[in-house]
$ cat upload.cif   # mmCIF, C-alpha atoms and all ligand atoms
data_final
loop_
_atom_site.label_atom_id
_atom_site.label_comp_id
_atom_site.auth_asym_id
_atom_site.auth_seq_id
_atom_site.Cartn_x
_atom_site.Cartn_y
_atom_site.Cartn_z
CA MET A 1 0.00 0.00 0.00
CA ARG A 2 2.84 2.30 0.91
CA LYS A 3 4.35 1.62 -2.52
CA MET A 4 1.08 2.55 -4.20
CA PHE A 5 0.94 5.73 -2.19
CA VAL A 6 4.45 6.75 -3.11
CA LEU A 7 3.72 5.97 -6.74
CA PHE A 8 0.57 8.02 -6.60
CA CYS A 9 2.45 10.97 -5.07
CA LEU A 10 5.13 10.72 -7.72
CA LEU A 11 2.57 10.62 -10.51
CA LEU A 12 0.74 13.49 -9.00
CA SER A 13 3.75 15.67 -8.37
CA ALA A 14 5.23 14.93 -11.80
CA SER A 15 2.09 16.12 -13.46
CA CYS A 16 1.80 19.09 -11.15
CA VAL A 17 5.29 20.27 -11.90
CA LYS A 18 4.63 19.94 -15.60
CA GLU A 19 1.30 21.53 -16.07
CA PRO A 20 -1.33 21.83 -13.40
CA GLN A 21 -4.59 22.29 -15.27
CA GLU A 22 -6.81 23.33 -12.44
CA THR A 23 -6.22 25.04 -9.18
CA SER A 24 -8.84 24.98 -6.53
CA THR A 25 -8.98 27.60 -3.84
CA ALA A 26 -12.05 28.17 -1.80
CA GLY A 27 -13.34 31.69 -2.04
CA THR A 28 -13.75 32.02 1.68
CA THR A 29 -13.99 34.89 4.09
CA ARG A 30 -13.21 33.03 7.29
CA ALA A 31 -10.74 34.74 9.59
CA PRO A 32 -7.56 32.71 10.17
CA HIS A 33 -7.03 31.38 13.69
CA SER A 34 -4.00 30.18 15.57
CA GLY A 35 -3.61 26.54 16.59
CA PRO A 36 -4.17 23.32 14.65
CA ILE A 37 -6.48 23.07 11.62
CA ARG A 38 -9.86 21.55 12.53
CA ILE A 39 -11.21 19.06 10.00
CA GLY A 40 -14.75 17.67 9.98
CA PHE A 41 -15.24 14.30 8.22
CA SER A 42 -18.89 13.54 7.49
CA MET A 43 -19.40 9.93 6.46
CA ASP A 44 -22.49 8.19 5.10
CA THR A 45 -21.75 4.72 6.43
CA LEU A 46 -19.25 2.28 7.87
CA LYS A 47 -21.19 -0.71 6.50
CA GLU A 48 -18.71 -1.83 3.87
CA GLU A 49 -15.26 -2.81 5.14
CA ARG A 50 -13.63 -0.14 2.97
CA TRP A 51 -15.28 2.75 4.85
CA GLN A 52 -13.81 1.50 8.13
CA ARG A 53 -10.46 1.63 6.42
CA ASP A 54 -11.14 5.16 5.10
CA LYS A 55 -11.99 6.31 8.63
CA ARG A 56 -8.91 4.68 10.15
CA LEU A 57 -6.57 6.18 7.54
CA VAL A 58 -8.08 9.67 7.69
CA GLU A 59 -7.65 9.54 11.49
CA GLN A 60 -4.07 8.32 11.11
CA ARG A 61 -3.12 11.06 8.66
CA ALA A 62 -4.78 13.82 10.70
CA LYS A 63 -2.87 12.65 13.75
CA GLU A 64 0.42 12.49 11.84
CA ILE A 65 0.17 16.08 10.70
CA GLY A 66 -1.28 17.46 13.94
CA ALA A 67 -4.79 18.37 12.71
CA VAL A 68 -7.83 18.10 14.96
CA LEU A 69 -10.39 15.71 13.42
CA ASP A 70 -14.09 15.20 14.12
CA VAL A 71 -15.64 12.15 12.37
CA GLN A 72 -19.42 11.74 12.21
CA VAL A 73 -21.23 8.79 10.59
CA ALA A 74 -24.84 9.22 9.40
CA ASN A 75 -25.71 5.51 8.89
CA GLY A 76 -27.50 6.15 5.61
CA ASP A 77 -29.78 8.91 6.90
CA ASP A 78 -29.71 12.20 4.96
CA ALA A 79 -31.31 14.26 7.73
CA VAL A 80 -28.73 12.94 10.19
CA GLN A 81 -25.84 13.67 7.81
CA THR A 82 -27.04 17.27 7.26
CA LYS A 83 -27.47 17.78 11.00
CA GLN A 84 -24.07 16.33 11.84
CA ALA A 85 -22.43 18.60 9.25
CA ASP A 86 -24.31 21.61 10.67
CA ASN A 87 -23.11 20.74 14.16
CA MET A 88 -19.53 20.51 13.01
CA LEU A 89 -19.86 23.91 11.30
CA THR A 90 -21.35 25.41 14.45
CA LYS A 91 -18.50 24.00 16.54
CA GLY A 92 -16.14 25.73 14.10
CA VAL A 93 -14.33 23.35 11.74
CA ASP A 94 -12.03 24.99 9.18
CA VAL A 95 -12.78 22.51 6.39
CA LEU A 96 -15.25 19.70 5.73
CA ILE A 97 -14.64 16.36 4.01
CA VAL A 98 -17.97 14.82 3.00
CA ALA A 99 -18.69 11.28 1.75
CA PRO A 100 -22.36 11.88 0.95
CA HIS A 101 -25.20 9.40 1.34
CA ASN A 102 -27.24 11.29 -1.24
CA GLY A 103 -25.15 13.32 -3.68
CA GLU A 104 -27.97 15.76 -4.39
CA ILE A 105 -29.14 16.41 -0.85
CA ALA A 106 -25.54 16.96 0.26
CA ALA A 107 -25.45 20.12 -1.91
CA SER A 108 -27.13 21.86 1.05
CA ILE A 109 -24.12 20.95 3.22
CA VAL A 110 -21.85 22.75 0.74
CA GLU A 111 -24.11 25.82 0.84
CA ALA A 112 -24.18 25.87 4.64
CA ALA A 113 -20.40 25.47 4.80
CA HIS A 114 -19.75 28.20 2.25
CA ARG A 115 -22.03 30.59 4.15
CA LYS A 116 -19.54 30.18 6.99
CA GLY A 117 -16.54 30.44 4.66
CA VAL A 118 -15.67 26.75 5.09
CA PRO A 119 -14.41 24.84 2.01
CA VAL A 120 -15.78 21.36 1.26
CA ILE A 121 -14.12 18.27 -0.24
CA SER A 122 -16.39 15.69 -1.87
CA TYR A 123 -14.95 12.33 -0.81
CA ASP A 124 -15.24 9.23 -3.01
CA ARG A 125 -18.80 10.18 -4.06
CA LEU A 126 -19.60 13.33 -6.01
CA ILE A 127 -21.76 16.05 -4.43
CA ARG A 128 -24.04 17.17 -7.25
CA ASP A 129 -25.25 20.63 -8.34
CA SER A 130 -23.11 22.57 -5.92
CA ASP A 131 -20.05 24.77 -5.75
CA VAL A 132 -18.05 22.03 -3.97
CA ASP A 133 -14.35 22.93 -3.84
CA LEU A 134 -12.64 19.63 -4.68
CA TYR A 135 -13.48 16.01 -5.52
CA LEU A 136 -11.23 13.14 -4.46
CA SER A 137 -12.05 9.65 -5.65
CA HIS A 138 -10.97 6.79 -7.88
CA GLN A 139 -11.70 6.72 -11.63
CA VAL A 140 -15.24 5.49 -11.11
CA GLU A 141 -16.47 5.35 -14.71
CA ARG A 142 -13.29 3.44 -15.54
CA ILE A 143 -14.14 0.88 -12.82
CA GLY A 144 -17.46 0.22 -14.59
CA GLU A 145 -15.55 -0.22 -17.84
CA MET A 146 -13.09 -2.62 -16.20
CA GLN A 147 -15.93 -4.77 -14.83
CA ALA A 148 -17.74 -4.99 -18.16
CA ASP A 149 -14.55 -5.42 -20.15
CA TYR A 150 -13.49 -8.33 -17.96
CA ALA A 151 -16.93 -9.92 -18.27
CA LEU A 152 -17.04 -9.51 -22.04
CA LYS A 153 -13.54 -10.94 -22.55
CA HIS A 154 -14.44 -14.07 -20.58
CA VAL A 155 -18.11 -14.38 -21.59
CA PRO A 156 -18.34 -12.79 -25.07
CA LYS A 157 -21.87 -14.08 -25.64
CA GLY A 158 -24.76 -14.75 -23.30
CA ASN A 159 -27.34 -13.51 -20.83
CA TYR A 160 -26.11 -10.73 -18.57
CA VAL A 161 -27.49 -9.32 -15.32
CA LEU A 162 -26.34 -5.83 -14.33
CA ILE A 163 -26.63 -4.99 -10.63
CA GLY A 164 -26.11 -1.32 -9.89
CA GLY A 165 -25.54 0.34 -6.52
CA SER A 166 -27.69 2.87 -4.69
CA PRO A 167 -29.28 5.31 -7.16
CA THR A 168 -28.74 8.13 -4.62
CA ASP A 169 -24.98 7.60 -4.98
CA TYR A 170 -23.61 9.20 -8.17
CA ASN A 171 -20.93 6.50 -8.25
CA ALA A 172 -23.64 3.95 -9.02
CA LEU A 173 -24.62 5.94 -12.12
CA LEU A 174 -21.01 6.46 -13.23
CA LEU A 175 -20.35 2.73 -12.88
CA ARG A 176 -23.39 1.87 -15.00
CA LYS A 177 -22.24 4.43 -17.58
CA GLY A 178 -18.82 2.77 -17.73
CA GLN A 179 -20.36 -0.71 -17.98
CA MET A 180 -22.61 0.37 -20.85
CA ASN A 181 -19.70 2.08 -22.69
CA ILE A 182 -18.26 -1.41 -23.10
CA LEU A 183 -21.40 -3.53 -23.41
CA LYS A 184 -23.37 -1.42 -25.90
CA PRO A 185 -21.68 -2.73 -29.09
CA ALA A 186 -22.03 -6.36 -27.91
CA ILE A 187 -25.71 -5.76 -27.13
CA ALA A 188 -26.20 -4.16 -30.57
CA ARG A 189 -24.55 -7.19 -32.24
CA GLY A 190 -26.94 -9.44 -30.33
CA ASP A 191 -24.07 -11.19 -28.55
CA VAL A 192 -25.10 -9.97 -25.12
CA ARG A 193 -28.68 -9.97 -23.89
CA ILE A 194 -29.40 -7.87 -20.81
CA ILE A 195 -31.84 -9.79 -18.63
CA SER A 196 -31.94 -7.22 -15.83
CA GLU A 197 -30.38 -3.79 -15.20
CA GLN A 198 -31.67 -2.75 -11.81
CA PHE A 199 -30.07 -0.78 -8.99
CA ALA A 200 -29.75 -2.26 -5.49
CA ARG A 201 -31.16 0.21 -2.98
CA GLU A 202 -28.53 1.29 -0.42
CA TRP A 203 -26.07 -1.07 -2.13
CA LYS A 204 -27.80 -3.89 -0.24
CA ALA A 205 -26.69 -7.50 -0.74
CA GLU A 206 -30.29 -8.65 -0.13
CA GLU A 207 -31.43 -6.51 -3.07
CA ALA A 208 -28.77 -8.09 -5.28
CA LEU A 209 -29.90 -11.52 -4.14
CA ARG A 210 -33.50 -10.72 -5.06
CA ILE A 211 -32.50 -9.30 -8.47
CA THR A 212 -30.45 -12.43 -9.21
CA GLU A 213 -33.17 -14.85 -8.06
CA ASP A 214 -35.64 -13.05 -10.26
CA ALA A 215 -33.33 -13.22 -13.30
CA LEU A 216 -32.68 -16.93 -12.70
CA THR A 217 -36.41 -17.64 -12.49
CA ARG A 218 -37.18 -15.65 -15.62
CA THR A 219 -34.54 -17.42 -17.71
CA GLY A 220 -34.82 -20.93 -16.28
CA ASN A 221 -31.35 -20.52 -14.71
CA LYS A 222 -29.75 -19.38 -17.97
CA ILE A 223 -27.58 -16.53 -16.70
CA HIS A 224 -23.98 -16.39 -17.91
CA ALA A 225 -22.52 -13.22 -16.35
CA ILE A 226 -23.44 -10.93 -13.47
CA VAL A 227 -21.89 -7.47 -13.54
CA ALA A 228 -22.25 -6.58 -9.87
CA SER A 229 -21.09 -3.04 -9.10
CA ASN A 230 -19.37 -3.80 -5.78
CA ASP A 231 -18.35 -6.76 -3.63
CA GLY A 232 -21.34 -6.41 -1.31
CA THR A 233 -23.81 -6.83 -4.17
CA ALA A 234 -21.60 -9.55 -5.68
CA GLY A 235 -21.96 -11.43 -2.38
CA GLY A 236 -25.77 -11.21 -2.60
CA ALA A 237 -25.77 -12.41 -6.22
CA ILE A 238 -23.48 -15.33 -5.33
CA SER A 239 -25.84 -16.45 -2.51
CA ALA A 240 -28.64 -16.67 -5.08
CA LEU A 241 -26.37 -18.58 -7.51
CA ASP A 242 -25.33 -20.90 -4.70
CA ALA A 243 -28.94 -21.75 -3.88
CA ALA A 244 -29.45 -22.65 -7.56
CA GLY A 245 -26.28 -24.78 -7.61
CA LEU A 246 -24.59 -22.30 -9.94
CA ALA A 247 -21.94 -20.64 -7.75
CA GLY A 248 -18.61 -20.77 -9.60
CA LYS A 249 -20.35 -21.46 -12.92
CA VAL A 250 -21.45 -17.88 -13.63
CA LEU A 251 -18.97 -15.00 -14.00
CA VAL A 252 -19.46 -12.41 -11.24
CA THR A 253 -17.66 -9.05 -11.02
CA GLY A 254 -17.17 -6.80 -7.98
CA GLN A 255 -15.38 -3.77 -6.58
CA ASP A 256 -13.48 -2.95 -3.37
CA ALA A 257 -11.28 -6.05 -2.91
CA GLN A 258 -12.88 -6.57 0.46
CA LYS A 259 -11.83 -9.58 2.49
CA ASP A 260 -14.83 -11.86 1.86
CA ALA A 261 -14.66 -11.11 -1.88
CA MET A 262 -10.96 -12.02 -1.97
CA GLN A 263 -11.83 -15.31 -0.25
CA ARG A 264 -14.56 -15.96 -2.82
CA ILE A 265 -12.14 -15.22 -5.66
CA VAL A 266 -9.68 -17.78 -4.29
CA LYS A 267 -12.54 -20.27 -3.87
CA GLY A 268 -13.78 -19.56 -7.39
CA THR A 269 -17.31 -18.31 -6.67
CA GLN A 270 -16.52 -14.64 -7.48
CA THR A 271 -14.53 -14.05 -10.64
CA MET A 272 -12.99 -10.61 -10.21
CA THR A 273 -13.01 -7.43 -8.19
CA VAL A 274 -11.58 -3.95 -8.65
CA TYR A 275 -9.03 -2.98 -6.05
CA LYS A 276 -9.01 0.67 -5.01
CA PRO A 277 -6.07 1.60 -2.78
CA ILE A 278 -7.62 3.65 0.03
CA GLN A 279 -4.49 5.15 1.54
CA PRO A 280 -3.82 7.68 -1.25
CA LEU A 281 -7.47 8.70 -1.10
CA ALA A 282 -7.61 9.15 2.67
CA PHE A 283 -4.19 10.76 3.04
CA GLY A 284 -4.80 12.87 -0.07
CA ALA A 285 -8.07 14.18 1.36
CA VAL A 286 -6.50 15.21 4.67
CA ASP A 287 -3.54 16.87 2.93
CA ALA A 288 -5.85 18.73 0.54
CA ALA A 289 -8.10 19.73 3.45
CA ILE A 290 -5.16 21.37 5.19
CA LYS A 291 -4.29 23.29 2.03
CA LEU A 292 -7.86 24.47 1.47
CA ALA A 293 -8.15 25.54 5.11
CA ARG A 294 -4.95 27.56 4.71
CA LYS A 295 -6.24 28.97 1.42
CA GLU A 296 -3.35 27.39 -0.42
CA PRO A 297 -3.94 26.05 -3.95
CA VAL A 298 -4.52 22.34 -4.46
CA GLU A 299 -3.12 21.13 -7.74
CA THR A 300 -5.34 18.76 -9.67
CA ARG A 301 -5.21 16.98 -13.01
CA ASP A 302 -8.81 15.97 -13.50
CA LYS A 303 -12.23 17.53 -13.48
CA ILE A 304 -15.77 16.22 -13.39
CA ASN A 305 -19.00 18.10 -14.05
CA ASN A 306 -21.44 17.90 -11.15
CA GLY A 307 -24.34 19.63 -12.92
CA LYS A 308 -23.29 23.07 -11.72
CA LYS A 309 -19.60 23.28 -12.53
CA ASP A 310 -16.48 21.39 -13.50
CA VAL A 311 -15.21 20.33 -10.10
CA PRO A 312 -11.39 20.16 -9.82
CA SER A 313 -10.69 16.52 -9.09
CA ILE A 314 -8.03 14.02 -8.11
CA LEU A 315 -8.99 10.58 -9.46
CA ILE A 316 -6.85 7.59 -8.49
CA PRO A 317 -6.44 4.66 -10.93
CA PRO A 318 -8.12 1.37 -9.92
CA ILE A 319 -6.66 -2.13 -10.46
CA VAL A 320 -8.38 -5.31 -11.75
CA VAL A 321 -7.90 -8.31 -9.45
CA ASP A 322 -8.78 -11.92 -10.19
CA LYS A 323 -7.42 -15.31 -9.16
CA SER A 324 -4.20 -14.64 -11.08
CA ASN A 325 -3.11 -11.59 -9.09
CA VAL A 326 -4.78 -11.65 -5.64
CA ASP A 327 -1.30 -11.28 -4.18
CA ILE A 328 -1.16 -7.65 -5.24
CA THR A 329 -3.38 -6.78 -2.26
CA ILE A 330 -1.05 -8.72 0.05
CA LYS A 331 2.08 -7.03 -1.32
CA ASP A 332 0.36 -3.69 -0.86
CA GLY A 333 -0.40 -4.50 2.78
CA TYR A 334 -4.14 -4.23 2.12
CA HIS A 335 -4.76 -7.81 3.30
CA THR A 336 -2.64 -10.47 4.96
CA ARG A 337 -2.16 -13.87 3.35
CA GLU A 338 -4.14 -15.32 6.25
CA ASP A 339 -7.06 -12.94 5.59
CA ILE A 340 -7.40 -14.33 2.09
CA TYR A 341 -6.29 -17.95 2.31
CA GLY A 342 -7.06 -18.58 5.98
CA HIS A 343 -3.51 -19.83 6.66
C1 LIG B 401 -18.05 3.29 -3.17
C2 LIG B 401 -17.80 1.80 -3.11
C3 LIG B 401 -18.71 1.17 -2.06
C4 LIG B 401 -20.16 1.63 -2.24
C5 LIG B 401 -21.06 1.15 -1.11
C6 LIG B 401 -19.51 3.56 -3.41
O1 LIG B 401 -19.76 4.91 -3.50
O2 LIG B 401 -17.25 3.87 -4.18
O3 LIG B 401 -16.46 1.56 -2.79
O4 LIG B 401 -18.67 -0.22 -2.12
O5 LIG B 401 -20.24 3.02 -2.32
O6 LIG B 401 -20.72 1.76 0.08
#
$ encode --input "upload.cif" --output "structure tokens" --more "lines below"
Ligand code: BGC
Amino acid sequence: MRKMFVLFCLLLSASCVKEPQETSTAGTTRAPHSGPIRIGFSMDTLKEERWQRDKRLVEQRAKEIGAVLDVQVANGDDAVQTKQADNMLTKGVDVLIVAPHNGEIAASIVEAAHRKGVPVISYDRLIRDSDVDLYLSHQVERIGEMQADYALKHVPKGNYVLIGGSPTDYNALLLRKGQMNILKPAIARGDVRIISEQFAREWKAEEALRITEDALTRTGNKIHAIVASNDGTAGGAISALDAAGLAGKVLVTGQDAQKDAMQRIVKGTQTMTVYKPIQPLAFGAVDAAIKLARKEPVETRDKINNGKKDVPSILIPPIVVDKSNVDITIKDGYHTREDIYGH
């Protein structure tokens, strides 16, 4: 993981030295204060393993650089997330990092923060239709492309089920966009038939299970590939396949390289996942937060339109993982050998 982080920094700094395309500074009016920078981190959830890692690494980085950090978790409730952000603003944070539950509703958090002169970083998920200062994530549309590309290479013809994530999370839409970029020509040729293209509410495994059961029933068990948008939904789909005696016989994609998915990949019931190193994201967000709070420019290479503006962005490249390269997550320190193989 450390290696990935160093590589990411090198890539980033190389490009910054050359030609930074965008510079993001918050147009704030807040008076500077003495003492450490106070960062508020508003999280949607800790449900998936990755978010626990994000929290741990953001805490670690804040501690390392002597910032004061307040982390609040909304457990999937928009009203709670808005209230928690308001409370942090009232207490007087200098900068907010927000992983929104609902990318549209969270625009009100940006407005409230800006009224107080506090810059906001959109973390992993894009905050829509707002003047958000910076977006830090992985290349999400690319992840969708990687999932579909992998599926199509291994199952060039057949019945496909697409399982999206929560429709309130813009990532779910970007992933579907990426998947369709790849699948469209194969669908047009008649090679791929889409049996189902639903979204699993709240990224729930149970929803993915239901979607898969339904597709199996409708086709008399003739499903050849399931493009699940993350490992949680992949797990739900695999439970349904298992009940039909088909686990390991149908290609299933995923995302996050979480522990249970890595175990399924080794066992052969999940075919692939997309590994997203979290350290560069978490450390990058804290480092950028400090800069924004100090009104220093943050150099970025990417941008993404959120409906209101092109948001200056830092998008980290994801990595395809299947049975042939599970060890990459071990080398990176993301998992131990024991986590994955049980010995
Ligand atoms: C994240 C995924 C995660 C999903 C469910 C997405 O926005 O990018 O890593 O699995 O949310 O929490």
$ residues_around --input "upload.cif" --residues "segment 91-99 of chain A" --least-positions-apart "2" --cutoff "9 Å" --atoms "only C-alpha atoms" --output "PyMOL selection string"
chain A and resi 30+32+37-45+68-70+85-89+101+103+106+109-110+113+117-127+285-286+289-290+292-294
$ atom_distance --input "upload.cif" --atom1 "atom CA of Ala205 of chain A" --atom2 "atom CA of Lys276 of chain A"
19.9 Å
$ residues_around --input "upload.cif" --residues "Ile211 of chain A" --least-positions-apart "4" --cutoff "8 Å" --atoms "all atoms listed in the file" --output "PyMOL selection string"
chain A and resi 163+196+198+207+215+237
$ residues_near_point --input "upload.cif" --point "(-21.0, -13.1, -13.3)" --cutoff "8 Å" --atoms "all atoms listed in the file" --output "PDB file with C-alpha atoms, in the coordinates of the input"
ATOM      1  CA  ALA A 151     -16.930  -9.920 -18.270  1.00  0.00           C
ATOM      2  CA  TYR A 160     -26.110 -10.730 -18.570  1.00  0.00           C
ATOM      3  CA  VAL A 161     -27.490  -9.320 -15.320  1.00  0.00           C
ATOM      4  CA  HIS A 224     -23.980 -16.390 -17.910  1.00  0.00           C
ATOM      5  CA  ALA A 225     -22.520 -13.220 -16.350  1.00  0.00           C
ATOM      6  CA  ILE A 226     -23.440 -10.930 -13.470  1.00  0.00           C
ATOM      7  CA  VAL A 227     -21.890  -7.470 -13.540  1.00  0.00           C
ATOM      8  CA  ALA A 228     -22.250  -6.580  -9.870  1.00  0.00           C
ATOM      9  CA  VAL A 250     -21.450 -17.880 -13.630  1.00  0.00           C
ATOM     10  CA  LEU A 251     -18.970 -15.000 -14.000  1.00  0.00           C
ATOM     11  CA  VAL A 252     -19.460 -12.410 -11.240  1.00  0.00           C
ATOM     12  CA  THR A 253     -17.660  -9.050 -11.020  1.00  0.00           C
ATOM     13  CA  GLN A 270     -16.520 -14.640  -7.480  1.00  0.00           C
ATOM     14  CA  THR A 271     -14.530 -14.050 -10.640  1.00  0.00           C
TER      15      THR A 271
END
$ residues_around --input "upload.cif" --residues "Pro156 of chain A" --least-positions-apart "3" --cutoff "7 Å" --atoms "all atoms listed in the file" --output "JSON list (two decimals) with C-alpha atoms, in the frame of the given file"
[["chain", "number", "residue", "atom", "x", "y", "z"],
["A", 152, "LEU", "CA", -17.04, -9.51, -22.04],
["A", 153, "LYS", "CA", -13.54, -10.94, -22.55],
["A", 191, "ASP", "CA", -24.07, -11.19, -28.55]]
$ build_atoms --input "upload.cif" --residues "segment 186-206 of chain A" --atoms "N, CA and C atoms" --output "JSON list (two decimals), keeping the file's coordinate frame"
[["chain", "number", "residue", "atom", "x", "y", "z"],
["A", 186, "ALA", "N", -21.73, -4.91, -27.98],
["A", 186, "ALA", "CA", -22.03, -6.36, -27.91],
["A", 186, "ALA", "C", -23.54, -6.59, -27.83],
["A", 187, "ILE", "N", -24.24, -5.66, -27.19],
["A", 187, "ILE", "CA", -25.71, -5.76, -27.13],
["A", 187, "ILE", "C", -26.27, -5.52, -28.54],
["A", 188, "ALA", "N", -25.73, -4.50, -29.22],
["A", 188, "ALA", "CA", -26.20, -4.16, -30.57],
["A", 188, "ALA", "C", -25.97, -5.33, -31.54],
["A", 189, "ARG", "N", -24.85, -6.02, -31.37],
["A", 189, "ARG", "CA", -24.55, -7.19, -32.24],
["A", 189, "ARG", "C", -25.45, -8.37, -31.92],
["A", 190, "GLY", "N", -26.10, -8.31, -30.74],
["A", 190, "GLY", "CA", -26.94, -9.44, -30.33],
["A", 190, "GLY", "C", -26.15, -10.51, -29.57],
["A", 191, "ASP", "N", -24.88, -10.22, -29.29],
["A", 191, "ASP", "CA", -24.07, -11.19, -28.55],
["A", 191, "ASP", "C", -24.46, -11.24, -27.07],
["A", 192, "VAL", "N", -24.75, -10.06, -26.54],
["A", 192, "VAL", "CA", -25.10, -9.97, -25.12],
["A", 192, "VAL", "C", -26.56, -9.56, -25.00],
["A", 193, "ARG", "N", -27.29, -10.31, -24.16],
["A", 193, "ARG", "CA", -28.68, -9.97, -23.89],
["A", 193, "ARG", "C", -28.78, -9.56, -22.43],
["A", 194, "ILE", "N", -29.27, -8.34, -22.19],
["A", 194, "ILE", "CA", -29.40, -7.87, -20.81],
["A", 194, "ILE", "C", -30.73, -8.36, -20.24],
["A", 195, "ILE", "N", -30.64, -9.21, -19.24],
["A", 195, "ILE", "CA", -31.84, -9.79, -18.63],
["A", 195, "ILE", "C", -32.41, -8.84, -17.58],
["A", 196, "SER", "N", -31.50, -8.12, -16.90],
["A", 196, "SER", "CA", -31.94, -7.22, -15.83],
["A", 196, "SER", "C", -30.90, -6.13, -15.66],
["A", 197, "GLU", "N", -31.35, -4.89, -15.43],
["A", 197, "GLU", "CA", -30.38, -3.79, -15.20],
["A", 197, "GLU", "C", -30.90, -2.90, -14.08],
["A", 198, "GLN", "N", -31.11, -3.50, -12.94],
["A", 198, "GLN", "CA", -31.67, -2.75, -11.81],
["A", 198, "GLN", "C", -30.56, -2.18, -10.92],
["A", 199, "PHE", "N", -30.99, -1.34, -9.98],
["A", 199, "PHE", "CA", -30.07, -0.78, -8.99],
["A", 199, "PHE", "C", -30.47, -1.32, -7.61],
["A", 200, "ALA", "N", -29.48, -1.72, -6.83],
["A", 200, "ALA", "CA", -29.75, -2.26, -5.49],
["A", 200, "ALA", "C", -29.82, -1.09, -4.50],
["A", 201, "ARG", "N", -31.01, -0.89, -3.93],
["A", 201, "ARG", "CA", -31.16, 0.21, -2.98],
["A", 201, "ARG", "C", -30.12, 0.10, -1.86],
["A", 202, "GLU", "N", -29.52, 1.22, -1.52],
["A", 202, "GLU", "CA", -28.53, 1.29, -0.42],
["A", 202, "GLU", "C", -27.38, 0.30, -0.61],
["A", 203, "TRP", "N", -27.14, -0.11, -1.83],
["A", 203, "TRP", "CA", -26.07, -1.07, -2.13],
["A", 203, "TRP", "C", -26.28, -2.37, -1.36],
["A", 204, "LYS", "N", -27.54, -2.75, -1.13],
["A", 204, "LYS", "CA", -27.80, -3.89, -0.24],
["A", 204, "LYS", "C", -27.59, -5.24, -0.93],
["A", 205, "ALA", "N", -26.91, -6.14, -0.23],
["A", 205, "ALA", "CA", -26.69, -7.50, -0.74],
["A", 205, "ALA", "C", -28.02, -8.21, -0.93],
["A", 206, "GLU", "N", -28.98, -7.99, -0.02],
["A", 206, "GLU", "CA", -30.29, -8.65, -0.13],
["A", 206, "GLU", "C", -31.00, -8.25, -1.42]]
